[in-house]
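> Sharing target.txt, compact mmCIF, C-alpha atoms:
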```txt
# COMPACT_ATOMS: atom_id res chain seq x y z
CA MET A 1 -5.54 -19.24 2.75
CA ILE A 2 -4.76 -15.89 4.37
CA THR A 3 -2.74 -13.67 2.02
CA SER A 4 -0.93 -10.37 2.49
CA ARG A 5 -3.57 -8.68 0.31
CA HIS A 6 -6.30 -10.11 2.56
CA GLU A 7 -4.55 -8.84 5.69
CA THR A 8 -4.01 -5.35 4.28
CA ALA A 9 -7.65 -4.95 3.25
CA HIS A 10 -8.80 -4.92 6.87
CA ARG A 11 -5.68 -3.89 8.83
CA ILE A 12 -5.72 -0.42 7.26
CA PHE A 13 -8.73 0.32 9.48
CA GLN A 14 -6.76 -0.74 12.56
CA GLU A 15 -3.74 1.37 11.70
CA ARG A 16 -5.61 4.38 10.25
CA PRO A 17 -8.93 4.57 12.15
CA ALA A 18 -9.55 8.03 10.66
CA LEU A 19 -10.66 6.09 7.58
CA LEU A 20 -13.71 4.73 9.42
CA ALA A 21 -15.93 7.83 9.41
CA PRO A 22 -15.63 8.65 5.67
CA THR A 23 -16.05 5.03 4.57
CA PHE A 24 -19.14 4.58 6.73
CA ARG A 25 -20.61 7.72 5.20
CA LEU A 26 -20.33 5.89 1.88
CA LEU A 27 -22.45 3.15 3.43
CA GLY A 28 -25.08 5.56 4.79
CA VAL A 29 -24.18 4.75 8.39
CA THR A 30 -23.14 7.46 10.82
CA LEU A 31 -20.29 6.85 13.21
CA PRO A 32 -19.28 9.30 15.93
CA GLU A 33 -16.57 11.62 14.62
CA ASP A 34 -15.17 12.19 18.11
CA ALA A 35 -14.57 8.68 19.41
CA SER A 36 -11.69 6.61 20.72
CA VAL A 37 -10.91 3.51 18.67
CA GLU A 38 -9.70 0.37 20.42
CA VAL A 39 -8.30 -2.62 18.53
CA LEU A 40 -9.52 -5.82 20.16
CA THR A 41 -8.51 -9.43 19.77
CA PRO A 42 -10.22 -10.98 16.75
CA ASP A 43 -10.59 -14.29 18.56
CA ALA A 44 -14.23 -15.32 18.91
CA THR A 45 -13.47 -18.75 20.34
CA GLU A 46 -15.41 -19.94 23.38
CA LEU A 47 -14.41 -22.63 25.89
CA LYS A 48 -15.30 -25.32 23.38
CA PRO A 49 -12.14 -25.85 21.27
CA LEU A 50 -13.58 -24.66 17.97
CA GLU A 51 -11.54 -21.80 16.59
CA ARG A 52 -13.47 -18.85 15.22
CA ARG A 53 -11.55 -15.77 14.23
CA LEU A 54 -12.54 -12.45 12.70
CA ASP A 55 -10.16 -10.40 10.57
CA SER A 56 -10.34 -7.18 12.62
CA VAL A 57 -12.44 -6.13 15.58
CA LEU A 58 -12.65 -2.50 16.66
CA ARG A 59 -14.58 -0.84 19.48
CA LEU A 60 -15.65 2.76 18.93
CA SER A 61 -16.35 4.59 22.17
CA PRO A 62 -17.92 8.08 21.76
CA ARG A 63 -16.28 10.61 24.03
CA ASP A 64 -19.69 11.95 25.06
CA GLY A 65 -20.38 8.76 27.01
CA SER A 66 -22.80 7.19 24.51
CA PRO A 67 -22.76 3.38 24.22
CA PRO A 68 -19.87 2.01 22.15
CA THR A 69 -20.25 0.23 18.82
CA MET A 70 -18.41 -2.94 17.84
CA LEU A 71 -17.07 -3.19 14.29
CA ALA A 72 -16.21 -6.55 12.76
CA ILE A 73 -14.24 -6.04 9.55
CA GLU A 74 -13.77 -8.91 7.11
CA ALA A 75 -11.84 -9.00 3.83
CA GLN A 76 -13.51 -11.25 1.27
CA SER A 77 -11.92 -12.25 -2.04
CA ARG A 78 -14.66 -14.56 -3.37
CA PRO A 79 -18.23 -15.72 -2.62
CA ASP A 80 -18.37 -18.35 0.11
CA THR A 81 -21.66 -20.03 1.04
CA ASP A 82 -20.38 -20.92 4.51
CA LYS A 83 -19.69 -17.34 5.51
CA ALA A 84 -23.26 -16.36 6.40
CA VAL A 85 -23.36 -18.73 9.38
CA SER A 86 -19.91 -17.59 10.56
CA TRP A 87 -20.86 -13.93 10.26
CA ALA A 88 -24.09 -14.49 12.22
CA TYR A 89 -22.04 -16.14 14.96
CA TYR A 90 -19.51 -13.30 15.04
CA LEU A 91 -22.17 -10.62 15.39
CA ALA A 92 -24.11 -12.46 18.09
CA PHE A 93 -20.88 -13.20 19.97
CA LEU A 94 -19.72 -9.58 19.90
CA GLU A 95 -23.08 -8.20 21.05
CA ALA A 96 -23.43 -10.79 23.82
CA LYS A 97 -19.87 -10.37 25.07
CA ASN A 98 -19.71 -6.58 24.95
CA GLY A 99 -23.33 -5.61 25.55
CA CYS A 100 -23.45 -3.12 22.69
CA PRO A 101 -24.44 -3.06 18.99
CA ALA A 102 -22.20 -4.74 16.44
CA LEU A 103 -21.78 -4.06 12.73
CA LEU A 104 -20.16 -6.25 10.10
CA VAL A 105 -18.20 -4.61 7.28
CA VAL A 106 -17.03 -6.74 4.36
CA VAL A 107 -14.26 -5.32 2.14
CA CYS A 108 -14.18 -6.60 -1.46
CA GLN A 109 -11.97 -5.87 -4.44
CA ASP A 110 -14.25 -7.08 -7.23
CA LYS A 111 -17.85 -6.35 -8.16
CA GLU A 112 -19.08 -9.96 -8.15
CA THR A 113 -17.92 -10.64 -4.59
CA ALA A 114 -19.25 -7.29 -3.38
CA GLU A 115 -22.71 -7.97 -4.82
CA TRP A 116 -22.79 -11.41 -3.21
CA ALA A 117 -21.56 -10.14 0.16
CA SER A 118 -24.36 -7.56 0.33
CA GLY A 119 -26.84 -10.35 1.07
CA PRO A 120 -29.15 -10.39 2.88
CA PHE A 121 -28.47 -13.91 4.18
CA ASP A 122 -31.49 -15.65 5.71
CA LEU A 123 -30.83 -18.44 8.20
CA GLY A 124 -33.28 -21.07 9.38
CA PRO A 125 -35.76 -23.50 7.76
CA HIS A 126 -36.95 -22.69 4.25
CA ASP A 127 -40.39 -21.68 5.57
CA TRP A 128 -39.20 -19.53 8.50
CA ASN A 129 -36.30 -17.08 8.59
CA THR A 130 -34.92 -17.33 12.09
CA LEU A 131 -32.15 -14.82 11.53
CA THR A 132 -31.07 -12.47 8.75
CA VAL A 133 -27.50 -11.22 8.33
CA ARG A 134 -27.05 -7.92 6.48
CA PRO A 135 -23.39 -6.97 6.07
CA LEU A 136 -22.21 -3.53 5.10
CA VAL A 137 -20.04 -3.87 1.98
CA LEU A 138 -17.21 -1.68 0.72
CA GLY A 139 -16.27 -2.42 -2.88
CA PRO A 140 -15.87 -0.97 -6.37
CA GLY A 141 -19.55 0.01 -6.46
CA ASN A 142 -19.44 2.53 -3.61
CA VAL A 143 -15.79 3.42 -2.93
CA PRO A 144 -14.95 6.57 -4.93
CA VAL A 145 -12.52 6.62 -7.84
CA ILE A 146 -9.90 9.27 -6.99
CA LEU A 147 -8.15 10.57 -10.10
CA ASP A 148 -7.18 14.03 -8.85
CA PRO A 149 -3.80 14.26 -7.05
CA GLU A 150 -5.07 17.25 -5.04
CA GLU A 151 -8.01 15.21 -3.75
CA ALA A 152 -5.76 12.24 -2.99
CA GLU A 153 -3.36 14.51 -1.09
CA GLN A 154 -6.17 15.74 1.17
CA ASP A 155 -7.03 12.22 2.36
CA LEU A 156 -4.21 9.72 1.87
CA PRO A 157 -5.90 6.88 3.82
CA MET A 158 -9.03 7.06 1.64
CA ALA A 159 -7.01 7.49 -1.55
CA THR A 160 -4.92 4.41 -0.71
CA PHE A 161 -7.97 2.37 0.23
CA ALA A 162 -9.69 3.46 -2.99
CA ALA A 163 -6.64 2.44 -5.02
CA MET A 164 -6.69 -1.02 -3.43
CA THR A 165 -10.43 -1.39 -4.01
CA HIS A 166 -10.25 -0.36 -7.68
CA GLY A 167 -7.05 -2.27 -8.42
CA ARG A 168 -8.81 -4.42 -11.02
CA SER A 169 -10.61 -1.59 -12.81
CA ALA A 170 -9.68 -0.01 -16.14
CA ASP A 171 -9.01 3.24 -14.25
CA ALA A 172 -6.34 1.63 -12.05
CA PRO A 173 -3.29 3.16 -13.82
CA ALA A 174 -4.74 6.69 -13.57
CA ILE A 175 -5.76 6.14 -9.94
CA LEU A 176 -2.27 4.91 -9.04
CA GLU A 177 -0.58 7.81 -10.83
CA ALA A 178 -2.70 10.34 -8.95
CA LEU A 179 -1.80 8.69 -5.64
CA ALA A 180 1.89 8.58 -6.57
CA ILE A 181 1.86 12.33 -7.22
CA ALA A 182 0.07 12.93 -3.90
CA LEU A 183 2.56 10.79 -1.98
CA GLY A 184 5.39 12.65 -3.67
CA ARG A 185 4.18 15.78 -1.90
CA SER A 186 3.74 14.10 1.49
CA ASP A 187 6.17 13.50 4.33
CA THR A 188 8.66 10.64 4.14
CA ALA A 189 6.87 8.50 6.75
CA SER A 190 3.57 8.69 4.87
CA LEU A 191 5.28 7.94 1.58
CA HIS A 192 6.86 4.78 2.94
CA TYR A 193 3.77 3.59 4.82
CA TYR A 194 1.19 4.06 2.08
CA SER A 195 3.40 2.93 -0.80
CA GLU A 196 4.21 -0.35 0.94
CA LEU A 197 0.66 -0.80 2.20
CA LEU A 198 -0.75 -0.38 -1.29
CA GLU A 199 1.74 -2.72 -2.92
CA THR A 200 0.78 -5.43 -0.44
CA GLY A 201 -2.91 -4.67 -0.67
CA LEU A 202 -3.05 -4.98 -4.45
CA GLY A 203 -2.03 -8.62 -4.30
CA ASN A 204 -0.95 -10.47 -7.43
CA ILE A 205 -2.72 -8.41 -10.07
CA PRO A 206 -1.28 -6.27 -12.92
CA ALA A 207 -1.89 -3.06 -10.96
CA ARG A 208 0.74 -4.14 -8.44
CA GLN A 209 3.48 -4.09 -11.10
CA THR A 210 2.18 -0.74 -12.31
CA TRP A 211 2.56 0.60 -8.78
CA ARG A 212 6.05 -0.90 -8.40
CA ASN A 213 7.10 0.79 -11.64
CA LEU A 214 5.76 4.15 -10.42
CA MET A 215 7.69 3.79 -7.17
CA LYS A 216 10.91 2.75 -8.92
CA ASN A 217 11.22 5.49 -11.50
CA GLY A 218 11.65 8.25 -8.90
CA SER A 219 10.00 10.91 -11.05
CA TYR A 220 7.38 11.77 -8.43
CA PHE A 221 9.94 12.55 -5.70
CA PRO A 222 12.46 15.00 -7.20
CA GLY A 223 14.80 16.52 -4.67
CA ARG A 224 12.96 15.01 -1.71
CA GLY A 225 15.81 12.87 -0.42
CA THR A 226 13.37 10.09 0.36
CA LEU A 227 14.37 6.44 0.62
CA VAL A 228 12.48 5.69 -2.58
CA GLU A 229 14.35 8.41 -4.43
CA GLU A 230 17.69 7.48 -2.89
CA THR A 231 17.22 3.85 -3.89
CA TYR A 232 16.40 4.90 -7.43
CA LEU A 233 19.39 7.24 -7.69
CA GLU A 234 21.78 4.66 -6.23
CA GLY A 235 20.66 2.11 -8.78
CA ALA A 236 20.93 4.61 -11.63
CA ALA A 237 24.42 5.68 -10.51
CA GLU A 238 25.63 2.09 -10.31
CA ALA A 239 24.27 1.30 -13.78
CA THR A 240 25.85 4.44 -15.29
CA ALA A 241 29.23 3.69 -13.68
CA LYS A 242 29.18 0.25 -15.27
CA ALA A 243 28.31 1.85 -18.61
CA VAL A 244 31.31 4.20 -18.31
CA LEU A 245 33.72 1.31 -17.70
CA ARG A 246 32.17 -0.72 -20.48
CA ALA A 247 32.59 2.14 -22.96
CA LEU A 248 36.24 2.63 -22.01
CA ARG A 249 37.04 -1.06 -22.37
CA MET A 250 35.16 -1.41 -25.65
CA ARG A 251 37.39 1.36 -27.01
CA GLY A 252 40.50 -0.48 -25.81
CA LEU A 253 41.52 2.10 -23.22
CA CYS A 254 43.51 0.92 -20.23
CA VAL A 255 41.74 1.61 -16.92
CA SER A 256 43.83 1.47 -13.75
CA ALA A 257 42.52 0.14 -10.46
CA GLU A 258 42.53 3.67 -9.06
CA GLN A 259 40.52 5.00 -12.02
CA GLN A 260 38.04 2.15 -11.78
CA ALA A 261 37.56 2.82 -8.05
CA ARG A 262 36.97 6.51 -8.74
CA ILE A 263 34.27 5.67 -11.27
CA THR A 264 32.49 2.99 -9.25
CA THR A 265 32.48 4.98 -5.99
CA CYS A 266 31.08 8.14 -7.56
CA THR A 267 27.44 8.62 -6.54
CA ASP A 268 26.69 11.81 -8.44
CA LEU A 269 24.54 10.86 -11.41
CA ALA A 270 25.25 14.07 -13.36
CA THR A 271 29.01 13.49 -13.09
CA LEU A 272 28.69 9.90 -14.21
CA GLU A 273 26.56 10.87 -17.20
CA THR A 274 29.21 13.42 -18.21
CA TRP A 275 31.92 10.77 -17.93
CA HIS A 276 29.84 8.38 -20.00
CA GLU A 277 29.58 10.90 -22.83
CA ARG A 278 33.28 11.74 -22.55
CA ALA A 279 34.27 8.04 -22.63
CA PHE A 280 33.49 7.94 -26.36
CA LEU A 281 35.65 10.97 -27.16
CA ILE A 282 38.89 10.63 -25.17
CA ASP A 283 42.10 8.79 -26.09
CA ARG A 284 43.30 8.03 -22.53
CA ALA A 285 41.30 6.97 -19.46
CA GLU A 286 42.87 9.73 -17.34
CA ASP A 287 41.35 12.32 -19.68
CA LEU A 288 37.92 11.22 -18.42
CA PHE A 289 38.41 13.27 -15.26
CA THR A 290 39.69 16.45 -16.91
CA HIS A 291 37.59 19.41 -15.85
CA ALA A 292 35.24 17.12 -13.93
CA PRO A 293 32.07 18.85 -12.73
CA ALA A 294 32.31 20.51 -9.32
CA THR A 295 29.53 18.24 -8.03
CA GLU A 296 31.70 15.14 -8.29
CA LYS A 297 32.04 13.38 -4.95
CA THR A 298 35.70 12.27 -4.94
CA PRO A 299 36.40 9.37 -2.54
CA ARG A 300 38.35 10.38 0.56
CA THR A 301 41.91 9.11 0.73
CA ASP A 302 44.26 9.06 3.68
CA ASP A 303 47.61 10.85 3.27
```
As a first step, turn the structure in this file into structure tokens.

Amino acid sequence: MITSRHETAHRIFQERPALLAPTFRLLGVTLPEDASVEVLTPDATELKPLERRLDSVLRLSPRDGSPPTMLAIEAQSRPDTDKAVSWAYYLAFLEAKNGCPALLVVVCQDKETAEWASGPFDLGPHDWNTLTVRPLVLGPGNVPVILDPEEAEQDLPMATFAAMTHGRSADAPAILEALAIALGRSDTASLHYYSELLETGLGNIPARQTWRNLMKNGSYFPGRGTLVEETYLEGAAEATAKAVLRALRMRGLCVSAEQQARITTCTDLATLETWHERAFLIDRAEDLFTHAPATEKTPRTDD
């Protein structure tokens, strides 16, 4: 079954092709740095109605006019004995159709699957290997562990891909924290894209909840005005407003509709925290607003 984690593991190369050159260096394969990247249909079906579909297919065309290279990228979550035949078909199909070399890259999140996917896979009778498939594999064994926020900030696509790849490792919390700090220094668009991409790419493993907690607490985005920070502050303000009202009512103080509206519509967290402290000291609800901080955002009323 195709999952969101599966889709993310290969689609990151479609959406951030700059990741191709550094990841292929990890594999010992050189790709042209100055090349246009074209996303092609992953459909490898011929006229015969037997559906065959790759995860991602990219064509790299060097700008110097050299022959292009086809890249078939597959995300693999477990060993599968049937894959070798499918991969052989994909590679032969891409070379025959496009008239240029084709490479297969398999992206894995765990060591066992990565070791299996490395092959080589020999096809043919037991006494004669007709064809051998040798995938290139990206997994925990060769994708770097990035623990330094400065390093992560320099290459967000690689840092995000590395965090996905090492999501099951013991270093996952430290890796995720470094990336969170790096994203906190990035532009808003990058923050949103990579944070959502990583959450999806981690799948249903403990590291995903760790990442969600890092994104929720807002501590990595102080004063940035980002959507993540705004969402956090809105939630904190709402919770504090409820705490103010609860404290007043527990002490038996009468709260008018106007006073309740003023508390619940206030969005300034510092003001609300001051009111919460004052709620335990005053004798009348109206005294809550005496000498309110200048930062309070009073709701607009029509005269």
> I'd like to know which of A:Gln14, A:Ser36, A:Thr160, A:Asn213 is closest to Leu197 of chain A, using only C-alpha atoms.
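Of the candidates, the smallest distance to Leu197 of chain A is held by A:Thr160.
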> Which value, in Å to one decimal, gives the distance between atom CA of Ile146 of chain A and atom CA of Pro120 of chain A?
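That distance, rounded to one decimal, is 29.2 Å.
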> Report, in Å to a single decimal, how far apart atom CA of Leu179 of chain A and atom CA of Glu196 of chain A are.
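Rounded to one decimal, the two atoms are 12.7 Å apart.
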> How many Å lie between atom CA of Tyr90 of chain A and atom CA of Ala159 of chain A, rounded to one decimal?
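Taking atom CA of Tyr90 of chain A as the start and atom CA of Ala159 of chain A as the end point, the length is 29.4 Å.
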> Smallest atom-to-atom distance to Ala75 of chain A: which of A:Pro157, A:Pro125, A:Gly167, A:Gly201, using all atoms listed in the file?
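When distances to Ala75 of chain A are compared using all atoms listed in the file, the smallest one comes from A:Gly201.
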> Could you give me, as a ChimeraX atom specification, the residues within 9 Å of Arg251 of chain A, counting only C-alpha atoms and dropping anything in the same chain fewer than 6 positions from it?
/A:279-280,283
> For the selection you just gave me, I'd like the residues written to a file as a PDB file, keeping the file's coordinate frame, keeping C-alpha atoms.

```pdb
ATOM      1  CA  ALA A 279      34.270   8.040 -22.630  1.00  0.00           C
ATOM      2  CA  PHE A 280      33.490   7.940 -26.360  1.00  0.00           C
ATOM      3  CA  ASP A 283      42.100   8.790 -26.090  1.00  0.00           C
TER       4      ASP A 283
END
```
> Can you tell me which residues surround Ile181 of chain A at a distance of at most 12 Å, considering all atoms listed in the file, apart from same-chain residues fewer than 4 positions away, and format the answer as a ChimeraX atom specification?
/A:147-153,156,159,174-177,185-186,191,195,211,214-215,218-222
> Export, as a PDB file, keeping the file's coordinate frame, the selected residues with C-alpha atoms.

```
ATOM      1  CA  LEU A 147      -8.150  10.570 -10.100  1.00  0.00           C
ATOM      2  CA  ASP A 148      -7.180  14.030  -8.850  1.00  0.00           C
ATOM      3  CA  PRO A 149      -3.800  14.260  -7.050  1.00  0.00           C
ATOM      4  CA  GLU A 150      -5.070  17.250  -5.040  1.00  0.00           C
ATOM      5  CA  GLU A 151      -8.010  15.210  -3.750  1.00  0.00           C
ATOM      6  CA  ALA A 152      -5.760  12.240  -2.990  1.00  0.00           C
ATOM      7  CA  GLU A 153      -3.360  14.510  -1.090  1.00  0.00           C
ATOM      8  CA  LEU A 156      -4.210   9.720   1.870  1.00  0.00           C
ATOM      9  CA  ALA A 159      -7.010   7.490  -1.550  1.00  0.00           C
ATOM     10  CA  ALA A 174      -4.740   6.690 -13.570  1.00  0.00           C
ATOM     11  CA  ILE A 175      -5.760   6.140  -9.940  1.00  0.00           C
ATOM     12  CA  LEU A 176      -2.270   4.910  -9.040  1.00  0.00           C
ATOM     13  CA  GLU A 177      -0.580   7.810 -10.830  1.00  0.00           C
ATOM     14  CA  ARG A 185       4.180  15.780  -1.900  1.00  0.00           C
ATOM     15  CA  SER A 186       3.740  14.100   1.490  1.00  0.00           C
ATOM     16  CA  LEU A 191       5.280   7.940   1.580  1.00  0.00           C
ATOM     17  CA  SER A 195       3.400   2.930  -0.800  1.00  0.00           C
ATOM     18  CA  TRP A 211       2.560   0.600  -8.780  1.00  0.00           C
ATOM     19  CA  LEU A 214       5.760   4.150 -10.420  1.00  0.00           C
ATOM     20  CA  MET A 215       7.690   3.790  -7.170  1.00  0.00           C
ATOM     21  CA  GLY A 218      11.650   8.250  -8.900  1.00  0.00           C
ATOM     22  CA  SER A 219      10.000  10.910 -11.050  1.00  0.00           C
ATOM     23  CA  TYR A 220       7.380  11.770  -8.430  1.00  0.00           C
ATOM     24  CA  PHE A 221       9.940  12.550  -5.700  1.00  0.00           C
ATOM     25  CA  PRO A 222      12.460  15.000  -7.200  1.00  0.00           C
TER      26      PRO A 222
END
```
> Identify which of the residues A:Val244, A:Leu198, A:Leu20, A:Ala239 lies closest to Arg212 of chain A, counting all atoms listed in the file when measuring atom-to-atom distances.
A:Leu198
> For Leu281 of chain A, which of A:Arg168, A:Leu248, A:Glu112, A:Thr265 is the closest residue, counting all atoms listed in the file?
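Between A:Arg168, A:Leu248, A:Glu112, A:Thr265, the residue approaching Leu281 of chain A most closely is A:Leu248.
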> Measuring atom to atom with only C-alpha atoms, identify which of A:Ile73, A:Met158, A:Leu272, A:Val255 is nearest to Leu19 of chain A.
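The answer is A:Met158, which sits nearest to Leu19 of chain A.
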